[in-house]
Amino acid sequence: MATEILMPALSPTMEEGTLAKWLVKEGDTVSSGDILAEIETDKATMEFEAVDEGTIGKILIDEGTEGVAVNTAIAVLLEEGENMDDAEIEESQAQQPVAADKEQSSETAPANSKSHPEPKAAAPAKSDRTPDWGDDVEVKQTTVREALRDAMAEEMRRDGDVFLMGEEVAEYQGAYKITQGLLDEFGAKRVIDTPITEHGFAGLGVGAAFGGLRPIVEFMTFNFAMQAMDQIINSAAKTLYMSGGQMGCPMVFRGPNGAAARVGAQHSQDYAAWFMQVPGLKVCMPYSAADAKGLLKSAIRDPNPVIFLENEILYGRSFDVPVMDDFTIPFGKAKIERDGDGVTIVSFGIGMTYALEAAEKLAEDGIEAEVINLRTLRPMDTETILESVRKTNRCVTVEEGWPQGSVGGYISSVIMQGAFDYLDAPVITCTGKDVPMPYAANLEKHALITTDEVVEACKTVCYK
Amino acid sequence: MATKKDAKPNVSADELKAYYKDMLLIRRFEEKAGQLYGMGLIGGFCHLYIGQEAVVVGLEATAKDGDKRVTSYRDHGHMLACGMDPKGVMAELTGREDGYSKGKGGSMHMFSKEKHFYGGHGIVAAQVPIGAGLALADQYKGNDNVTFVYFGDGAANQGQVYETYNMAQLWDLPVVFVIENNQYAMGTSTKRSTKSPSYWERGAAYGIKGEEVDGMDVLAVKEVGEKAVAHCRSGKGPYILEIKTYRYRGHSMSDPAKYRTREEVQKMRDERDPIEQIRDLLLTGKHASEDDLKAMDKEIKEIVNEAAEFSKESPEPNLDELWTDIYATEVPQEA
């Protein structure tokens with residue numbers, strides 16, 4: 001049966017083109033791979049090859065014709081022994097499926113996607129206020145550093161597929177001594193010192209997760225994770241989706257994030273807002289030692305790639321941590337660290353230090369602040385924020401990162417859309433200054449958020 | 001270059017036929033994909049493997065159960081060669097619900113846990129450390145599986161390849177690095193991109209053994225592949241194969257390929273075509289008659305036509321699929 005040769009689409013965006021030149025004529029025999037014609041697209045002149053073998057029965061579109069729509073029949077190809085007169089031309093198959101597609105395309109299909117919750121609606125309708133541990137549980141003062149180590153050790157005891165890799169994690173016992181003792185207990189197979197090669201070992205970690213292990217990849221700081229950004233975003237975060245759910249990436253990328261002290265612009269960035277933007281990633285930013293332990297254990301067990309943003313300055317601080325066999329904190333559950341009805345302060349990570357100090361100062365002036373520790377930025381417990389704002393009618397967000405595209409910026413948009421009528425003042429987002437981190441002590445102090453700035457912002461939204 | 005094909009008398013007729021069919025399936029599948037692209041049924045980027053068939057077919061002949069493979073965006077051939085269903089692959093190309101990724105991955109992003117095919121990666125060379133990580137997982141579990149990591153001459157200039165070489169050799173990872181040198185990184189010939197003419201020799205800087213081979217000769221590829229795999233399986237660490245191959249089509253469907261002459265392509269097709277070489281061996285060795293080959297051609301054509309029909313009839317994914325597979329709720333089990 002004869003077939004029509006159709007005007008091909010030769011680029012992702014081509015809708016029509018010019019049939020510049022025929023390289024075959026009627027009566028020519030062609031086989032697969034032979035060039036039939038030259039076609040000009042909006043971008044280039046392309047050679048158009050034959051797919052099937054046969055004889056050119058008739059040329060339907062003359063060379064030089066402009067504006068030939070994709071899928072227009074441009075010639076007829078005859079099979080062996082056929083001639084044009086008795087040729088029974090097979091209907092162009094291209095038209096049918098394309099037309100069929102239209103009927104069920106996104107534009108016209110019943111919009112049953114409406115029933116899908118928007119990501120933000122996935123938060124519980126009412127915020128979960130249950131405490132992280134019961135009143136009868138014994139607590140022990142523990143540093144954030146020890147809590148992180150304990151979390152990894154407990155999970156490595158629990159699951160033989162969990163292993164740790166990174167720079168100086170094994171023999172050196174951790175550049176910030178987070179991994180102290182792990183090599184001794186778990187051996188070099190499970191606590192792996194890597195060369196200084198962030199892009200490479202992040203990718204190796206992703207591959208190991210694809211292969212069924214549960215890697216914890218430590219970055220000496222998240223500043224160095226920029227070298228590995230492609231593997232984190234393009235490989236770790238997107239593969240579950242791109243594989244239609246076949247292949248996930250259960251792993252943790254962890255390390256200190258944000259400013260330490262006097263280490264300059266390249267070692268002092270807060271990446272919370274960057275990672276928070278990516279579907280497929282989960283993002284934790286603990287404040288206390290209990291947060292650090294409970295969240296890291298949850299992160300290691302989570303079947304998704306988790307970004308775990310620690311803070312060097314917090315490593316040495318001590319907090320109560322419950323003495324429990326298996327203490328975990330669920331993702332997406334904020335903690336109200338201080339009750340109040342005067343103003344809501346939302347923060348996370350080291351920002352909580354400023355938020356809580358500010359709340360104490362505000363109390364002296366008679367303003368009772370409610371302080372929310374988000375703990376995870378993705379998923380984010382927006383319901384707890386909204387519930388609090390409906391009570392206080394005012395909100396200030398606190399973070400060390402930059403102002404444009406900040407976590408606070410997102411939170412204020414959530415509040416505007418979810419509690420606009422409750423607001424008595426615009427939300428103020430307290431952030432780090434919009435500058436690379438300077439080295440000089442006095443300049444650095446000014447570049448960071450300060451407690452006084454938070455106090456000032458709270459007074460402003462309270463019109464005091 | 002590896003030894004010539006006439007130096008391998010030990011290949012059975014059945015093996016020759018199997019390689020012929022496997023290569024032909026890739027060739028016909030890719031031609032059909034090109035045709036469907038031309039009809040607007042496949043969108044976006046579509047990178048065809050035509051000309052390079054002997055590389056994957058030769059290496060897959062050396063793989064055993066549980067071995068893993070990972071490659072770049074020019075991945076259709078690898079998927080067919082490791083036994084993935086042509087229907088599922090074609091339906092992914094057309095973006096339909098029966099595609100391997102339910103239509104959410106496309107030509108460059110497909111996976112099969114069952115066949116241990118780990119993608120399909122759209123970022124040049126990103127699959128290289130990932131492949132070494134897959135090998136690390138096998139080593140960790142204590143089995144003797146190997147991972148084939150395929151990448152092109154273009155990817156061979158990416159830094160992460162060398163970060164990976166270092167770690168793979170340092171930790172004796174069972175990974176075969178397969179450089180598919182088709183001589184052009186998109187439109188840039190290796191002569192214009194790379195000072196040293198040889199990619200495999202770079203492994204020497206890390207102590208990794210390697211060699212180059214004629215990638216238009218499936219038997220030569222298989223022979224060096226066996227050597228590389230044996231090296232990796234026995235715990236001696238990685239191995240590099242630089243496979244000199246050639247793609248007949250453009251880099252992607254929208255590549256006018258003005259960086260090389262039509263004659264260059266035609267010469268390769270006429271003189272070095274991997275499928276024609278095996279066809280000749282089959283006929284001259286009287287392992288198959290013209291009729292036998294015609295029957296095989298017909299069988300392959302039917303498989304491909306069936307895949308194409310399937311890929312047109314499969315519906316577009318339900319709009320609900322927009323919101324699924326972003327987060328896993330439980331750990332996927334290793335197949």
# chains A, B, ... in the order shown; residues from 1 in each chain; ligands from 1
>>> interface_residues(of="chain B", to="chain A", cutoff="7 Å", atoms="only C-alpha atoms", output="PyMOL selection string")
chain B and resi 31+35+37-40+43-45+101-102+104-105+109-111+113+126+129-134+136-137+160+163-164+253-254+256+312+319-320+325-332+334
>>> residues_around(residues="segment 412-420 of chain A", least_positions_apart="5", cutoff="9 Å", atoms="only C-alpha atoms", output="list in words")
Lys120, Thr382, Ile385, Leu386, Glu387, Val389, Arg390, Asn393, Cys395, Val396, Thr397, Val407, Pro426, Val427, Ile428 and Thr429 of chain A
>>> closest_atom_pairs(of="segment 176-288 of chain B", to="segment 144-149 of chain B", cutoff="9 Å", atoms="only C-alpha atoms", output="tab-separated table")
residue	atom	partner	partner_atom	distance
B:Val176	CA	B:Phe148	CA	4.9
B:Phe177	CA	B:Val149	CA	5.0
B:Val178	CA	B:Val149	CA	5.8
B:Ile179	CA	B:Val149	CA	8.3
B:Val229	CA	B:Val146	CA	7.1
B:Cys232	CA	B:Val146	CA	6.5
B:Arg233	CA	B:Asp144	CA	5.4
B:Ser234	CA	B:Asp144	CA	7.4
B:Gly235	CA	B:Asp144	CA	7.9
>>> atom_distance(atom1="atom CA of Thr3 of chain A", atom2="atom CA of His76 of chain B")
26.4 Å
